[in-house]
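Novice: If it helps, the file is called data-v1.cif and holds mmCIF, C-alpha atoms:
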```
data_coords
#
loop_
_atom_site.label_atom_id
_atom_site.label_comp_id
_atom_site.auth_asym_id
_atom_site.auth_seq_id
_atom_site.Cartn_x
_atom_site.Cartn_y
_atom_site.Cartn_z
CA MET A 1 255.67 171.04 44.89
CA SER A 2 255.56 173.63 47.67
CA ASP A 3 256.96 170.96 50.03
CA LEU A 4 260.29 170.98 48.22
CA PRO A 5 263.30 172.48 50.01
CA ILE A 6 263.89 176.09 49.00
CA PHE A 7 266.93 175.26 46.81
CA GLU A 8 265.05 172.57 44.88
CA LEU A 9 261.94 174.73 44.61
CA VAL A 10 263.89 177.62 43.10
CA MET A 11 265.72 175.26 40.73
CA PHE A 12 262.54 173.49 39.63
CA VAL A 13 260.64 176.75 39.05
CA SER A 14 263.61 177.94 36.99
CA VAL A 15 263.52 174.69 35.00
CA VAL A 16 259.80 175.13 34.27
CA ALA A 17 260.39 178.76 33.27
CA ALA A 18 263.20 177.74 30.90
CA TYR A 19 261.04 175.07 29.23
CA ILE A 20 258.11 177.49 28.94
CA ALA A 21 260.47 179.98 27.29
CA ALA A 22 261.62 177.23 24.92
CA ALA A 23 258.02 176.29 24.09
CA ILE A 24 257.11 179.93 23.36
CA THR A 25 260.24 180.32 21.24
CA SER A 26 259.32 177.22 19.22
CA VAL A 27 255.93 178.76 18.42
CA LEU A 28 257.55 182.09 17.45
CA GLN A 29 259.82 180.13 15.15
CA ILE A 30 256.83 178.71 13.29
CA VAL A 31 255.08 182.08 13.12
CA ALA A 32 258.25 183.68 11.74
CA GLY A 33 258.43 180.95 9.12
CA GLY A 34 262.09 180.22 9.72
CA ARG A 35 264.80 179.18 12.19
CA MET A 36 265.81 182.67 13.31
CA TYR A 37 265.15 181.90 17.01
CA ARG A 38 266.64 178.42 16.99
CA GLN A 39 269.79 179.28 18.94
CA PHE A 40 267.64 180.60 21.79
CA LEU A 41 265.47 177.48 21.71
CA VAL A 42 268.46 175.15 21.99
CA ALA A 43 269.97 177.34 24.73
CA PHE A 44 266.78 177.27 26.82
CA VAL A 45 266.54 173.46 26.60
CA GLY A 46 270.23 173.02 27.39
CA ILE A 47 270.06 175.33 30.41
CA ALA A 48 266.93 173.61 31.74
CA ALA A 49 268.50 170.14 31.39
CA ALA A 50 271.66 171.38 33.17
CA MET A 51 269.61 172.77 36.09
CA GLU A 52 267.68 169.49 36.35
CA THR A 53 270.98 167.62 36.51
CA ILE A 54 272.24 169.88 39.31
CA MET A 55 268.99 169.33 41.22
CA LEU A 56 269.33 165.55 40.88
CA LEU A 57 272.95 165.61 42.02
CA SER A 58 271.88 167.62 45.06
CA ARG A 59 269.21 165.00 45.82
CA GLY A 60 271.67 162.17 45.39
CA ILE A 61 274.05 163.78 47.90
CA ALA A 62 271.17 164.36 50.33
CA ILE A 63 270.02 160.71 50.35
CA ASN A 64 273.49 159.25 49.68
CA ALA A 65 272.11 157.12 46.85
CA VAL A 66 271.48 157.12 43.13
CA PRO A 67 268.56 159.59 42.70
CA LEU A 68 266.18 157.16 40.99
CA THR A 69 264.27 156.05 44.07
CA GLY A 70 261.10 158.12 43.70
CA LEU A 71 258.62 159.05 41.00
CA PHE A 72 259.67 162.70 40.93
CA GLU A 73 263.32 161.80 40.38
CA SER A 74 262.42 159.29 37.67
CA LEU A 75 260.38 161.86 35.75
CA ILE A 76 263.17 164.43 36.02
CA VAL A 77 265.68 161.90 34.67
CA LEU A 78 263.22 161.09 31.87
CA THR A 79 262.98 164.75 30.85
CA ILE A 80 266.79 165.11 30.96
CA VAL A 81 267.25 162.06 28.71
CA PHE A 82 264.58 163.28 26.30
CA SER A 83 266.03 166.80 26.28
CA LEU A 84 269.48 165.43 25.44
CA MET A 85 267.91 163.28 22.75
CA TYR A 86 266.28 166.38 21.27
CA LEU A 87 269.50 168.40 21.41
CA PHE A 88 271.39 165.60 19.65
CA LEU A 89 268.77 165.02 16.95
CA SER A 90 268.27 168.74 16.35
CA ILE A 91 271.72 168.79 14.76
CA THR A 92 270.41 166.83 11.78
CA ILE A 93 266.63 167.36 12.02
CA ARG A 94 266.19 171.11 11.70
CA GLN A 95 262.52 171.45 10.77
CA VAL A 96 260.63 173.94 12.95
CA TRP A 97 257.66 171.69 13.66
CA PHE A 98 260.02 169.00 14.97
CA ASP A 99 261.42 171.53 17.44
CA CYS A 100 257.95 172.61 18.51
CA VAL A 101 256.50 169.15 19.13
CA MET A 102 259.59 167.89 20.98
CA VAL A 103 259.80 170.94 23.27
CA TRP A 104 256.09 170.96 24.13
CA ILE A 105 256.24 167.26 25.03
CA ILE A 106 259.20 167.97 27.32
CA LEU A 107 257.23 170.79 28.96
CA LEU A 108 254.28 168.43 29.48
CA MET A 109 256.48 165.89 31.26
CA VAL A 110 258.05 168.57 33.47
CA LEU A 111 254.62 169.83 34.49
CA ILE A 112 253.57 166.26 35.34
CA ALA A 113 256.74 165.94 37.42
CA GLY A 114 255.74 169.11 39.27
CA GLY A 115 252.41 167.52 40.12
CA VAL A 116 254.10 164.65 41.98
CA ALA A 117 257.09 166.59 43.36
CA ALA A 118 258.11 165.64 46.90
CA PRO A 119 261.17 166.10 49.13
CA ALA A 120 263.96 163.54 48.90
CA SER A 121 263.50 160.47 51.10
CA ARG A 122 265.83 157.72 52.23
CA PRO A 123 265.65 154.73 49.87
CA GLU A 124 265.21 151.08 50.75
CA ALA A 125 268.36 148.97 50.84
CA ILE A 126 267.29 147.22 47.65
CA ALA A 127 267.62 150.50 45.74
CA ALA A 128 271.40 150.28 46.04
CA ARG A 129 271.52 146.89 44.30
CA PRO A 130 272.80 146.86 40.69
CA TRP A 131 269.56 145.22 39.54
CA ALA A 132 267.53 148.16 40.86
CA ILE A 133 269.75 150.72 39.14
CA VAL A 134 269.66 148.78 35.86
CA HIS A 135 265.90 148.40 36.17
CA GLY A 136 265.41 152.13 36.70
CA ILE A 137 267.69 153.10 33.81
CA ALA A 138 266.06 150.59 31.44
CA MET A 139 262.56 151.84 32.22
CA ILE A 140 263.63 155.49 31.82
CA LEU A 141 265.23 154.77 28.45
CA GLY A 142 262.08 152.90 27.46
CA GLY A 143 260.00 155.91 28.46
CA ALA A 144 262.27 158.26 26.51
CA SER A 145 262.04 156.03 23.42
CA LEU A 146 258.24 155.91 23.62
CA THR A 147 258.13 159.69 24.10
CA PHE A 148 260.18 160.14 20.94
CA ALA A 149 257.91 157.69 19.12
CA ALA A 150 254.90 159.75 20.23
CA ALA A 151 256.54 162.96 18.99
CA SER A 152 257.18 161.30 15.62
CA ALA A 153 253.57 160.09 15.55
CA VAL A 154 252.19 163.58 16.23
CA LEU A 155 254.38 165.03 13.47
CA TYR A 156 253.28 162.26 11.10
CA LEU A 157 249.59 162.92 11.72
CA LEU A 158 250.12 166.68 11.43
CA GLY A 159 252.02 166.36 8.14
CA ARG A 160 249.56 163.84 6.75
CA ASN A 161 246.61 166.08 7.56
CA GLU A 162 248.24 169.12 5.93
CA LEU A 163 249.09 167.17 2.78
CA LYS A 164 245.59 165.68 2.65
CA ASN A 165 244.18 169.22 2.70
CA LYS A 166 246.69 170.23 0.01
CA LYS A 167 248.42 172.75 2.29
CA PHE A 168 251.85 171.88 0.95
CA MET A 169 253.55 175.11 1.99
CA ARG A 170 252.76 174.42 5.66
CA VAL A 171 254.70 171.16 5.41
CA LEU A 172 257.51 171.86 2.96
CA GLY A 173 260.75 172.34 4.89
CA LYS A 174 258.93 172.47 8.24
CA ILE A 175 258.21 168.79 8.91
CA PRO A 176 260.36 165.73 8.06
CA ASN A 177 258.85 163.69 5.22
CA LEU A 178 256.17 161.19 6.18
CA GLU A 179 258.23 158.13 5.31
CA LYS A 180 261.05 159.26 7.57
CA LEU A 181 258.62 160.01 10.39
CA GLU A 182 257.01 156.59 10.07
CA HIS A 183 260.44 154.92 10.26
CA MET A 184 261.37 157.06 13.29
CA ASN A 185 258.10 156.04 14.96
CA VAL A 186 258.66 152.30 14.41
CA TYR A 187 262.36 152.34 15.36
CA ALA A 188 261.57 154.22 18.58
CA LEU A 189 258.80 151.72 19.40
CA GLU A 190 261.23 148.85 18.89
CA ALA A 191 263.77 150.51 21.17
CA CYS A 192 261.06 151.10 23.77
CA PHE A 193 259.94 147.46 23.62
CA LEU A 194 263.54 146.28 24.06
CA PHE A 195 264.22 148.55 27.04
CA VAL A 196 260.89 147.80 28.73
CA THR A 197 261.45 144.06 28.25
CA PHE A 198 264.80 144.34 30.00
CA GLY A 199 263.22 146.52 32.67
CA ILE A 200 260.47 143.99 33.31
CA VAL A 201 262.92 141.07 33.53
CA SER A 202 265.22 142.95 35.92
CA GLY A 203 262.19 144.14 37.91
CA ILE A 204 260.88 140.59 38.34
CA GLY A 205 264.31 139.46 39.47
CA MET A 206 264.50 142.34 41.92
CA ALA A 207 261.01 141.56 43.23
CA ALA A 208 262.00 137.93 43.79
CA ILE A 209 265.11 138.99 45.75
CA ASN A 210 263.10 141.45 47.80
CA SER A 211 260.41 138.85 48.49
CA ALA A 212 262.95 136.29 49.68
CA ALA A 213 264.77 138.83 51.86
CA HIS A 214 261.68 140.24 53.58
CA GLY A 215 259.36 137.23 53.47
CA THR A 216 256.74 139.14 51.48
CA SER A 217 254.43 137.66 48.89
CA PHE A 218 255.96 137.65 45.42
CA THR A 219 252.55 137.62 43.74
CA SER A 220 251.39 140.68 45.69
CA LEU A 221 254.30 142.65 44.26
CA LEU A 222 253.30 141.70 40.73
CA THR A 223 249.69 142.80 41.25
CA ASP A 224 250.69 146.40 41.96
CA SER A 225 248.71 148.75 39.69
CA LYS A 226 251.81 150.27 38.08
CA ILE A 227 253.37 146.88 37.33
CA VAL A 228 250.12 145.55 35.85
CA LEU A 229 249.75 148.60 33.60
CA ILE A 230 253.40 148.38 32.47
CA LEU A 231 252.82 144.74 31.52
CA VAL A 232 249.71 145.73 29.58
CA ILE A 233 251.65 148.45 27.74
CA TRP A 234 254.47 146.01 27.00
CA ALA A 235 252.02 143.53 25.47
CA PHE A 236 250.30 146.36 23.58
CA LEU A 237 253.63 147.45 22.08
CA GLY A 238 254.55 143.87 21.18
CA ILE A 239 251.27 143.29 19.33
CA THR A 240 251.59 146.66 17.56
CA LEU A 241 255.11 145.85 16.34
CA ILE A 242 254.14 142.37 15.18
CA LEU A 243 251.19 143.74 13.19
CA LYS A 244 253.36 146.52 11.77
CA ARG A 245 256.06 144.12 10.63
CA ARG A 246 253.40 142.02 8.91
CA SER A 247 252.16 145.17 7.12
CA ALA A 248 248.78 144.87 8.84
CA LEU A 249 248.93 148.45 10.14
CA LYS A 250 249.11 151.66 8.16
CA GLY A 251 251.20 154.63 9.25
CA LYS A 252 248.15 156.50 10.52
CA THR A 253 246.97 153.60 12.69
CA THR A 254 250.48 153.04 14.04
CA ALA A 255 250.68 156.72 14.95
CA TYR A 256 247.41 156.63 16.87
CA LEU A 257 248.44 153.43 18.69
CA THR A 258 251.76 155.04 19.59
CA ILE A 259 250.05 158.08 21.09
CA THR A 260 247.72 155.75 23.02
CA ALA A 261 250.73 153.88 24.44
CA PHE A 262 252.34 157.20 25.39
CA ILE A 263 249.22 158.31 27.29
CA LEU A 264 249.15 154.95 29.07
CA ILE A 265 252.82 155.22 30.07
CA LEU A 266 252.22 158.69 31.49
CA PHE A 267 249.36 157.30 33.55
CA ALA A 268 251.52 154.36 34.62
CA LEU A 269 254.21 156.75 35.83
CA ALA A 270 252.12 159.43 37.50
CA GLY A 271 248.44 158.47 37.42
CA THR A 272 248.83 155.23 39.34
CA ALA A 273 250.64 157.08 42.12
CA VAL A 274 247.89 159.69 42.41
CA PHE A 275 244.75 157.63 41.77
CA CYS A 276 245.74 154.03 42.54
CA LYS A 277 248.18 154.71 45.40
CA THR A 278 250.77 152.36 43.94
CA LYS A 279 253.45 151.04 46.30
CA HIS A 280 255.93 150.61 43.46
CA ASN A 281 258.85 152.69 44.70
CA PHE A 282 262.20 152.32 46.44
CA ILE A 283 261.48 154.65 49.35
CA LYS A 284 261.41 153.31 52.88
CA PRO A 285 257.85 153.18 54.26
CA GLY A 286 257.41 156.00 56.73
CA ALA A 287 260.83 157.46 56.02
CA ALA A 288 261.05 161.10 56.85
CA ALA A 289 261.80 163.43 54.03
CA SER A 290 265.39 164.56 53.96
CA GLU A 291 265.22 168.20 53.19
CA ILE A 292 268.10 169.78 51.37
CA LYS A 293 269.05 172.98 53.12
CA ARG A 294 271.17 175.50 51.33
#
```
Starting from the file, give its structure as structure tokens.
Specialist:
Amino acid sequence: MSDLPIFELVMFVSVVAAYIAAAITSVLQIVAGGRMYRQFLVAFVGIAAAMETIMLLSRGIAINAVPLTGLFESLIVLTIVFSLMYLFLSITIRQVWFDCVMVWIILLMVLIAGGVAAPASRPEAIAARPWAIVHGIAMILGGASLTFAAASAVLYLLGRNELKNKKFMRVLGKIPNLEKLEHMNVYALEACFLFVTFGIVSGIGMAAINSAAHGTSFTSLLTDSKIVLILVIWAFLGITLILKRRSALKGKTTAYLTITAFILILFALAGTAVFCKTKHNFIKPGAAASEIKR
């Protein structure tokens, strides 16, 4: 993260600070037993998402391309989408535990983004193709859907545990009812499966075009660690949804499987880049970082 240009570094640190403030506010809200700090919570998330958007626009201008070419940019876009999703849903879902879980998950993703932060680099020519843009957007929306499913799963398990221990007052008015949470979990998983399916199809098409243009092996592209793990997650989600629709899975099991899929997607996004040295990106090999000077 220290390699970022000074403007981006200041913006990103400010983003992290805003999300930390939101996370602390969400906890204070629970301790206070009400929604007295809610306006501050929403403001912190909105400000952080706005600063992330400004940072992405700055990157896009610097590389003269859509800022979806690197892992850092993709994670920032994912947090923006999820933040906007939270702000929209918070209009109708006003329980304090919903706020807390959503905000802490956003903070987790931002911290992961900080771990893989790097200066903007010139993208490959293929990144400007419509298929590449559609692929990136589809995968980000799939990630946002799975993140929301994971948040619903955590809330479901939390509410179920409190009710099982007969701690009704900790749940009443603070967590959406379990049936609603289970439906939210399943609907989000279905959305994720749809987006990831489209992302995989567009990605395969893009890989075929790239292989034909550069004379590279098509099969070698499909054996990249990130692609393999995404395919595994896609199959995992498909099996989970089939079993759920056949009533073979209970809400608790579905919640645990959802959280497992979320952990796997986080590793697919960031872990493969750190530990497996994946080559799945749209950045030119050996391209010098284009620092943004302000």
Novice: Which residues, named as in the file, does the PyMOL selection byres ((chain A and resi 96-112) around 8) pick out? Answer as an MDAnalysis selection string.
Specialist: chainID A and resid 16 19:20 22:23 26:27 29:30 34:35 45 75:76 79 82:83 86 90 93:95 113:116 147:148 151 154:155 174:176 270
Novice: Keeping C-alpha atoms for every residue in the selection just given, could you write it to a file as a compact mmCIF listing (two decimals), in the coordinates of the input?
Specialist:
```
# COMPACT_ATOMS: atom_id res chain seq x y z
CA VAL A 16 259.80 175.13 34.27
CA TYR A 19 261.04 175.07 29.23
CA ILE A 20 258.11 177.49 28.94
CA ALA A 22 261.62 177.23 24.92
CA ALA A 23 258.02 176.29 24.09
CA SER A 26 259.32 177.22 19.22
CA VAL A 27 255.93 178.76 18.42
CA GLN A 29 259.82 180.13 15.15
CA ILE A 30 256.83 178.71 13.29
CA GLY A 34 262.09 180.22 9.72
CA ARG A 35 264.80 179.18 12.19
CA VAL A 45 266.54 173.46 26.60
CA LEU A 75 260.38 161.86 35.75
CA ILE A 76 263.17 164.43 36.02
CA THR A 79 262.98 164.75 30.85
CA PHE A 82 264.58 163.28 26.30
CA SER A 83 266.03 166.80 26.28
CA TYR A 86 266.28 166.38 21.27
CA SER A 90 268.27 168.74 16.35
CA ILE A 93 266.63 167.36 12.02
CA ARG A 94 266.19 171.11 11.70
CA GLN A 95 262.52 171.45 10.77
CA ALA A 113 256.74 165.94 37.42
CA GLY A 114 255.74 169.11 39.27
CA GLY A 115 252.41 167.52 40.12
CA VAL A 116 254.10 164.65 41.98
CA THR A 147 258.13 159.69 24.10
CA PHE A 148 260.18 160.14 20.94
CA ALA A 151 256.54 162.96 18.99
CA VAL A 154 252.19 163.58 16.23
CA LEU A 155 254.38 165.03 13.47
CA LYS A 174 258.93 172.47 8.24
CA ILE A 175 258.21 168.79 8.91
CA PRO A 176 260.36 165.73 8.06
CA ALA A 270 252.12 159.43 37.50
```
Novice: At a cut-off of 7 Å around the point (263.4, 147.7, 31.5) (file coordinates), what residues fall inside when counting all atoms listed in the file? I'd like the answer as a PyMOL selection string.
Specialist: chain A and resi 135+138-139+142+195-202
Novice: Would you pick out the contacts of region 235-250 of chain A at 9 Å or less, using only C-alpha atoms, so that residues sharing its chain but fewer than 6 positions from it are not included, and give the list as a VMD selection string?
Specialist: chain A and resid 186 189 to 190 192 to 193 257 to 258 261
Novice: So which residues touch region 52-55 of chain A within 10 Å, counting all atoms listed in the file, skipping near sequence neighbours fewer than 5 positions away, as a ChimeraX atom specification?
Specialist: /A:7-12,14-16,46-47,60,67,73,76-77,79-80
Novice: Using Å and a single decimal, report how far CA of Ala17 (chain A) sits from CA of Ala149 (chain A).
Specialist: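 Taking CA of Ala149 (chain A) as the start and CA of Ala17 (chain A) as the end point, the length is 25.5 Å.
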Novice: Could you spell out the hits of the PyMOL selection byres ((chain A and resi 255) around 9) on the shown file, as a list in words?
Specialist: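 What the PyMOL selection byres ((chain A and resi 255) around 9) grabs from the file is Ala149, Ala150, Ser152, Ala153, Val154, Tyr156, Leu157, Glu182, Asn185, Lys250, Gly251, Lys252, Thr253, Thr254, Tyr256, Leu257, Thr258, Ile259 and Thr260 of chain A.
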Novice: Between CA of Met51 (chain A) and CA of Leu4 (chain A), what is the distance, to one decimal in Å?
Specialist: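 That distance, rounded to one decimal, is 15.4 Å.
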Novice: Of the residues A:Val81, A:Met206, A:Ile265, A:Ile227, which is the one nearest to Ile133 (chain A), using all atoms listed in the file?
Specialist: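 Using all atoms listed in the file, the shortest distance to Ile133 (chain A) belongs to A:Met206.
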Novice: Rounded to one decimal place, report the CA of Gly205 (chain A)-CA of Ala132 (chain A) distance in Å.
Specialist: 9.4 Å
Novice: Using only C-alpha atoms, pick whichever of A:Leu57, A:Ala21, A:Leu194, A:Ile204 has the shortest atom-to-atom distance to Trp234 (chain A).
Specialist: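 When distances to Trp234 (chain A) are compared using only C-alpha atoms, the smallest one comes from A:Leu194.
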Novice: Padding 5 Å on every side, please: axis-aligned box over the listed atoms of region 175-190 of chain A, centre and edge lengths to one decimal in Å, as AutoDock Vina command-line options.
Specialist:
```
--center_x 259.3 --center_y 158.8 --center_z 12.3 --size_x 16.2 --size_y 29.9 --size_z 24.2
```
